Structures are given as C-alpha cells and as structure tokens.
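Just run20.cif here, mmCIF, C-alpha atoms and all ligand atoms:
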data_coords
#
loop_
_atom_site.label_atom_id
_atom_site.label_comp_id
_atom_site.auth_asym_id
_atom_site.auth_seq_id
_atom_site.Cartn_x
_atom_site.Cartn_y
_atom_site.Cartn_z
CA GLU A 96 -3.63 -32.28 -3.62
CA LYS A 97 -2.44 -33.60 -0.31
CA ASP A 98 -0.03 -30.76 0.36
CA THR A 99 -2.66 -28.02 0.26
CA MET A 100 -4.82 -29.92 2.74
CA MET A 101 -2.19 -29.68 5.40
CA GLU A 102 -2.80 -27.20 8.15
CA GLU A 103 -0.35 -24.38 8.60
CA ASP A 104 1.77 -24.14 11.74
CA TYR A 105 1.54 -20.37 11.97
CA VAL A 106 -0.50 -17.49 10.58
CA PHE A 107 1.42 -14.23 10.44
CA LYS A 108 -0.48 -11.02 9.86
CA ILE A 109 1.49 -8.50 7.84
CA VAL A 110 0.37 -4.97 7.02
CA VAL A 111 1.47 -3.02 3.97
CA ILE A 112 1.71 0.72 4.55
CA GLY A 113 3.08 3.81 2.84
CA ASP A 114 1.83 6.68 0.72
CA SER A 115 -0.70 6.30 -2.03
CA ALA A 116 0.51 4.97 -5.42
CA VAL A 117 3.89 3.68 -4.23
CA GLY A 118 2.93 0.16 -5.35
CA LYS A 119 1.59 -1.48 -2.19
CA THR A 120 -1.22 -3.36 -3.95
CA GLN A 121 1.08 -4.52 -6.75
CA LEU A 122 3.73 -5.78 -4.33
CA LEU A 123 1.05 -7.78 -2.58
CA SER A 124 -0.30 -9.34 -5.75
CA ARG A 125 3.24 -10.03 -6.99
CA PHE A 126 4.00 -11.97 -3.82
CA THR A 127 0.70 -13.79 -3.39
CA ARG A 128 -0.21 -14.50 -7.03
CA ASP A 129 2.92 -13.59 -9.01
CA GLU A 130 0.87 -11.05 -10.93
CA PHE A 131 1.19 -7.40 -11.85
CA CYS A 132 -1.90 -5.62 -13.06
CA PHE A 133 -1.51 -2.30 -14.88
CA ASP A 134 -4.84 -0.84 -13.99
CA SER A 135 -5.99 -2.27 -10.74
CA LYS A 136 -7.59 -0.19 -8.15
CA SER A 137 -9.38 -1.93 -5.46
CA THR A 138 -12.40 -0.52 -3.79
CA ILE A 139 -12.13 1.18 -0.43
CA GLY A 140 -12.13 -1.18 2.50
CA ILE A 141 -9.73 -3.43 4.31
CA GLU A 142 -8.67 -6.51 2.39
CA PHE A 143 -6.06 -9.18 2.72
CA GLN A 144 -4.52 -11.90 0.62
CA THR A 145 -2.67 -14.98 1.75
CA ARG A 146 0.19 -17.18 0.67
CA THR A 147 1.61 -20.15 2.53
CA VAL A 148 5.36 -20.70 2.50
CA GLN A 149 7.68 -23.10 4.24
CA ILE A 150 10.31 -21.76 6.62
CA ALA A 151 12.48 -24.00 8.81
CA ARG A 152 10.15 -26.97 8.19
CA LYS A 153 7.11 -24.99 9.31
CA ARG A 154 4.19 -24.03 7.12
CA ILE A 155 3.60 -20.34 7.54
CA LYS A 156 0.54 -18.64 6.20
CA ALA A 157 1.24 -14.99 5.48
CA GLN A 158 -1.98 -13.02 5.77
CA ILE A 159 -1.08 -9.75 4.09
CA TRP A 160 -3.34 -6.76 4.52
CA ASP A 161 -3.71 -3.95 2.02
CA THR A 162 -4.90 -0.48 3.03
CA ALA A 163 -7.07 -0.52 -0.12
CA GLY A 164 -6.76 3.25 -0.50
CA GLN A 165 -7.55 4.29 3.06
CA GLU A 166 -4.16 6.02 3.38
CA ARG A 167 -5.44 8.63 0.94
CA TYR A 168 -7.86 9.90 3.54
CA ARG A 169 -5.46 9.37 6.48
CA ALA A 170 -8.01 6.87 7.66
CA VAL A 171 -5.85 3.84 8.41
CA THR A 172 -7.29 2.78 11.73
CA SER A 173 -5.76 0.93 14.65
CA ALA A 174 -7.88 -2.10 13.67
CA TYR A 175 -5.67 -2.37 10.61
CA TYR A 176 -2.54 -2.76 12.77
CA ARG A 177 -4.09 -5.00 15.41
CA GLY A 178 -2.29 -8.34 15.72
CA ALA A 179 0.22 -7.49 12.97
CA LEU A 180 3.58 -9.20 13.44
CA GLY A 181 5.18 -7.58 10.43
CA ALA A 182 4.92 -4.49 8.26
CA MET A 183 6.10 -3.59 4.78
CA LEU A 184 6.67 0.16 4.72
CA VAL A 185 6.77 1.11 1.06
CA TYR A 186 7.98 4.24 -0.71
CA ASP A 187 8.50 4.99 -4.40
CA ILE A 188 12.21 5.37 -5.30
CA THR A 189 11.24 7.95 -7.95
CA LYS A 190 9.11 10.12 -5.63
CA ARG A 191 11.17 11.78 -2.93
CA HIS A 192 8.20 12.89 -0.80
CA THR A 193 7.06 9.29 -0.37
CA PHE A 194 10.43 8.51 1.24
CA GLU A 195 10.28 11.64 3.39
CA HIS A 196 6.90 10.48 4.69
CA ALA A 197 8.38 7.15 5.81
CA ALA A 198 9.26 8.68 9.20
CA ARG A 199 5.61 9.56 9.65
CA TRP A 200 4.61 5.96 8.87
CA VAL A 201 7.14 4.73 11.43
CA ASP A 202 5.47 7.01 14.02
CA GLU A 203 2.12 5.58 12.99
CA LEU A 204 3.45 2.06 13.61
CA ARG A 205 4.93 3.02 16.97
CA ALA A 206 1.55 4.49 17.96
CA HIS A 207 -0.73 1.68 16.78
CA ALA A 208 1.22 -1.54 16.31
CA ASP A 209 2.76 -4.01 18.71
CA LYS A 210 6.21 -2.98 19.94
CA SER A 211 7.80 -6.17 18.62
CA ILE A 212 6.52 -5.71 15.06
CA VAL A 213 9.17 -6.48 12.42
CA VAL A 214 9.36 -3.76 9.78
CA MET A 215 10.82 -3.91 6.30
CA LEU A 216 11.37 -0.63 4.45
CA ILE A 217 10.83 -1.14 0.72
CA GLY A 218 11.99 1.25 -1.99
CA ASN A 219 9.71 0.15 -4.82
CA LYS A 220 9.85 0.72 -8.61
CA SER A 221 13.55 -0.14 -8.95
CA ASP A 222 12.79 -0.91 -12.60
CA LEU A 223 12.62 2.86 -13.22
CA THR A 224 16.19 3.55 -12.03
CA GLY A 225 18.33 2.56 -15.02
CA VAL A 226 21.08 4.72 -16.57
CA HIS A 227 18.60 7.40 -17.63
CA GLY A 228 16.42 6.55 -14.69
CA ARG A 229 14.32 8.60 -12.39
CA ARG A 230 15.86 7.71 -9.04
CA ALA A 231 15.09 10.38 -6.41
CA VAL A 232 16.26 8.52 -3.29
CA THR A 233 19.70 6.91 -3.04
CA THR A 234 20.12 3.39 -1.71
CA ASP A 235 22.59 4.68 0.90
CA GLU A 236 20.32 7.27 2.48
CA ALA A 237 17.42 4.83 2.66
CA ALA A 238 19.70 2.17 4.19
CA ALA A 239 20.92 4.73 6.74
CA PHE A 240 17.35 5.70 7.66
CA ALA A 241 16.42 2.03 8.02
CA GLU A 242 19.39 1.32 10.25
CA GLU A 243 18.67 4.34 12.46
CA GLN A 244 15.04 3.24 12.85
CA GLY A 245 15.76 -0.47 13.27
CA LEU A 246 14.08 -1.52 10.02
CA PHE A 247 15.15 -4.10 7.45
CA PHE A 248 15.56 -2.61 4.00
CA SER A 249 15.29 -3.65 0.38
CA GLU A 250 14.71 -2.05 -2.99
CA SER A 251 12.29 -3.93 -5.21
CA SER A 252 10.12 -3.86 -8.28
CA ALA A 253 6.58 -5.19 -8.24
CA LEU A 254 6.65 -4.74 -12.03
CA SER A 255 9.71 -6.92 -12.77
CA GLY A 256 9.37 -8.95 -9.59
CA GLU A 257 12.94 -8.14 -8.53
CA ASN A 258 13.51 -8.73 -4.80
CA VAL A 259 9.80 -9.01 -3.98
CA GLU A 260 9.88 -12.66 -2.97
CA ARG A 261 13.16 -12.19 -1.16
CA ALA A 262 11.88 -9.22 0.87
CA PHE A 263 8.67 -10.93 1.97
CA LEU A 264 10.52 -14.16 2.84
CA ARG A 265 13.08 -12.21 4.86
CA LEU A 266 10.30 -10.51 6.80
CA LEU A 267 8.59 -13.87 7.46
CA GLN A 268 11.88 -15.44 8.55
CA GLU A 269 12.53 -12.63 11.01
CA ILE A 270 9.03 -12.93 12.45
CA HIS A 271 9.44 -16.69 12.70
CA ALA A 272 12.75 -16.23 14.53
CA ASN A 273 10.92 -14.01 17.05
CA VAL A 274 8.03 -16.39 17.73
CA SER A 275 9.90 -19.71 17.79
P1 LIG D 1 -0.76 1.70 -3.96
O1 LIG D 1 -1.69 2.88 -4.04
O2 LIG D 1 0.42 1.99 -3.07
O3 LIG D 1 -1.43 0.41 -3.64
O4 LIG D 1 -0.08 1.55 -5.42
P2 LIG D 1 -0.50 0.57 -6.63
O5 LIG D 1 -0.05 -0.82 -6.33
O6 LIG D 1 -1.92 0.76 -6.97
O7 LIG D 1 0.45 1.16 -7.77
C1 LIG D 1 0.38 2.53 -8.13
C2 LIG D 1 0.88 2.73 -9.54
O8 LIG D 1 2.27 2.40 -9.62
C3 LIG D 1 0.17 1.85 -10.56
O9 LIG D 1 0.04 2.60 -11.77
C4 LIG D 1 1.13 0.70 -10.75
O10 LIG D 1 1.01 0.14 -12.04
C5 LIG D 1 2.49 1.37 -10.56
N1 LIG D 1 3.50 0.47 -10.00
C6 LIG D 1 3.40 -0.30 -8.88
N2 LIG D 1 4.54 -0.98 -8.67
C7 LIG D 1 5.39 -0.63 -9.66
C8 LIG D 1 6.75 -1.01 -9.99
O11 LIG D 1 7.43 -1.80 -9.32
N3 LIG D 1 7.30 -0.40 -11.09
C9 LIG D 1 6.59 0.48 -11.86
N4 LIG D 1 7.23 0.99 -12.92
N5 LIG D 1 5.32 0.84 -11.60
C10 LIG D 1 4.74 0.29 -10.51
#

Starting from the coordinates I provided, produce the structure as structure tokens.
Amino acid sequence: EKDTMMEEDYVFKIVVIGDSAVGKTQLLSRFTRDEFCFDSKSTIGIEFQTRTVQIARKRIKAQIWDTAGQERYRAVTSAYYRGALGAMLVYDITKRHTFEHAARWVDELRAHADKSIVVMLIGNKSDLTGVHGRRAVTTDEAAAFAEEQGLFFSESSALSGENVERAFLRLLQEIHANVS
C-alpha cells in the first residue's frame, strides 16, 4: 500500500512510566494495536512499539517505550528517558498509593529527562469507577496535582479504550506544537 511506504516527517519518542500494574503495557497496546490482553506480561528489558499518525498534515511516528517491568526493581535507567519528547505518567484510579507515587515519578522525570518533555498524567482503569465502583482518587485532586506540576491530565481505560486514543493524540499534538 502506497501510504505505508511514505516516510514519516517526525519520530517522537514517548516513555510510559508509573508504578507496577497500573496498566502501562495495556495502554500501549491499546494505542498501537487496539488490543487489550488479559494475561500479558512481557519479559524484562526495554521495549517499544510504534504507531504513525497524522497531525497537521505531518506524518508522526510515535515510538512508545515500555518499562517492561523494570519499575518493579526501581531500575528504570536514564537510558530509558534519553531523547524522550513526551511521557505518559500512569496511575491506577483504584489504587491510591499509585497516585501518591506520581510526585516521585515527576521527580524522576525532572532528574533524567529533557526539561522540555511534555507530560500527560493518566488515571487508568476508569472502567472500574461506576456507581458501585472502586474509585480511590477523585478527578479533581488529580487535575489539581497535574495543574500544579504543569502536566496534562486525562482519565482513561485501556480495557474499554475510553480516552486512550485522545490522550496519546493530545500528547503528540503538544509535542508537535513544541517542535514545529
Ligand atoms: P503495567 O505493569 O503498568 O504495565 O500494567 P499492565 O498493563 O500489565 O496491567 C496490569 C493489570 O491491570 C493487568 O491485569 C491488566 O489486565 C489490568 N488492566 C490494565 N489496564 C486496565 C484497565 O483499563 N481496566 C482494568 N479493569 N484493568 C486493567
């Protein structure tokens, strides 16, 4: 197909960070392959997946890196952050401690990533927050934290797909606005 032969105009490296089991891998596979896999666990080691989208008439290849479990051993290295233009900082809406650790992840970014990195805070697993849901972090407090830290913010569900595409596209648009 002719379209897929075309070269991209930009490659944007994006890192996905946050505590273990918040849904980082599933968000990535939802965005790049529109898949959710109930029992996936990748092997240890840095991996990335790509998806090319069009923004403002430019073809942008998002190269999205997954910690692949390294965060469990606090072993996410500066190589992981090198060259990253964007970050998805993910917590689990139903697990309060994963939100409380977000500040630590922001510090990690400030220490290792480029100063101009665009960061999107993601409250994942919104599918679990219905009437009898298990919400442990309100939308307001997360939005306030994001504003105070200069992060974009969205709640999403890798399981249902809600807001996943929108959040990644927003991040890519903001990066594109910075580089163009
Ligand atoms: P990671 O360790 O942050 O990469 O997390 P995973 O992507 O491996 O997901 C951890 C667990 O949460 C798995 O059992 C997933 O099936 C589940 N999970 C991930 N995203 C969602 C979601 O949006 N909703 C629900 N209900 N479960 C999810």

Given all atoms listed in the file as the counted atoms, nearest of A:Ser173, A:Thr234, A:Thr162, A:Gln144 to ligand LIG 1 (chain D) =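 Of A:Ser173, A:Thr234, A:Thr162, A:Gln144, the one nearest ligand LIG 1 (chain D) is A:Thr162, counting all atoms listed in the file.
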
Closest of A:Glu250, A:Asp129, A:Glu242, A:Glu203 to Thr189 (chain A) - atom-to-atom distances counting all atoms listed in the file = A:Glu250

Give me the residues of chain A that have any atom at most 10 Å from an atom of ligand LIG 1 (chain D); for each, the nearest atom pair and the distance in Å, rounded to one decimal. Use all atoms listed in the file, sort by chain and number, and format it as CSV.
residue,atom,partner,partner_atom,distance
A:Val111,CA,D:LIG1,O2,8.7
A:Ile112,CA,D:LIG1,O2,7.8
A:Gly113,CA,D:LIG1,O2,6.7
A:Asp114,CA,D:LIG1,O2,6.2
A:Ser115,CA,D:LIG1,O1,4.1
A:Ala116,CA,D:LIG1,O1,3.3
A:Val117,CA,D:LIG1,O2,4.0
A:Gly118,CA,D:LIG1,O5,3.3
A:Lys119,CA,D:LIG1,O2,3.8
A:Thr120,CA,D:LIG1,O5,3.7
A:Gln121,CA,D:LIG1,O5,3.9
A:Leu122,CA,D:LIG1,N2,6.5
A:Leu123,CA,D:LIG1,O5,8.0
A:Ser124,CA,D:LIG1,O5,8.5
A:Arg125,CA,D:LIG1,N2,9.3
A:Phe131,CA,D:LIG1,O10,7.5
A:Cys132,CA,D:LIG1,O10,6.5
A:Phe133,CA,D:LIG1,O10,4.5
A:Asp134,CA,D:LIG1,O10,6.2
A:Ser135,CA,D:LIG1,O6,6.3
A:Lys136,CA,D:LIG1,O6,5.9
A:Ser137,CA,D:LIG1,O6,8.1
A:Asp161,CA,D:LIG1,O3,7.5
A:Thr162,CA,D:LIG1,O3,7.6
A:Ala163,CA,D:LIG1,O3,6.7
A:Gly164,CA,D:LIG1,O1,6.2
A:Gln165,CA,D:LIG1,O1,9.3
A:Glu166,CA,D:LIG1,O1,8.4
A:Arg167,CA,D:LIG1,O1,8.5
A:Val185,CA,D:LIG1,O2,7.6
A:Tyr186,CA,D:LIG1,O2,8.2
A:Asp187,CA,D:LIG1,C7,8.3
A:Ile188,CA,D:LIG1,O11,9.5
A:Thr189,CA,D:LIG1,N4,9.4
A:Gly218,CA,D:LIG1,O11,9.2
A:Asn219,CA,D:LIG1,O11,5.4
A:Lys220,CA,D:LIG1,O11,3.6
A:Ser221,CA,D:LIG1,O11,6.4
A:Asp222,CA,D:LIG1,N3,5.7
A:Leu223,CA,D:LIG1,N4,5.7
A:Thr224,CA,D:LIG1,N4,9.4
A:Glu250,CA,D:LIG1,O11,9.7
A:Ser251,CA,D:LIG1,O11,6.7
A:Ser252,CA,D:LIG1,O11,3.5
A:Ala253,CA,D:LIG1,O11,3.7
A:Leu254,CA,D:LIG1,O11,4.1
A:Ser255,CA,D:LIG1,O11,6.6
A:Gly256,CA,D:LIG1,O11,7.4
A:Glu257,CA,D:LIG1,O11,8.4
A:Val259,CA,D:LIG1,O11,9.3

message = Given all atoms listed in the file as the basis, pick out the residue of A:Val148, A:Val171, A:Val226, A:Leu184 nearest to Ala198 (chain A).
response =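 Result for the nearest residue to Ala198 (chain A): A:Leu184.
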
message = Would you compute the distance between CA of Asn258 (chain A) and CA of Arg146 (chain A)? Give it in Å to one decimal.
response = 16.7 Å

ask   = What is the CA of Gly178 (chain A)-CA of Glu130 (chain A) distance in Å, reported with one decimal?
value =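 If I compute the distance from CA of Gly178 (chain A) to CA of Glu130 (chain A), I get 27.0 Å.
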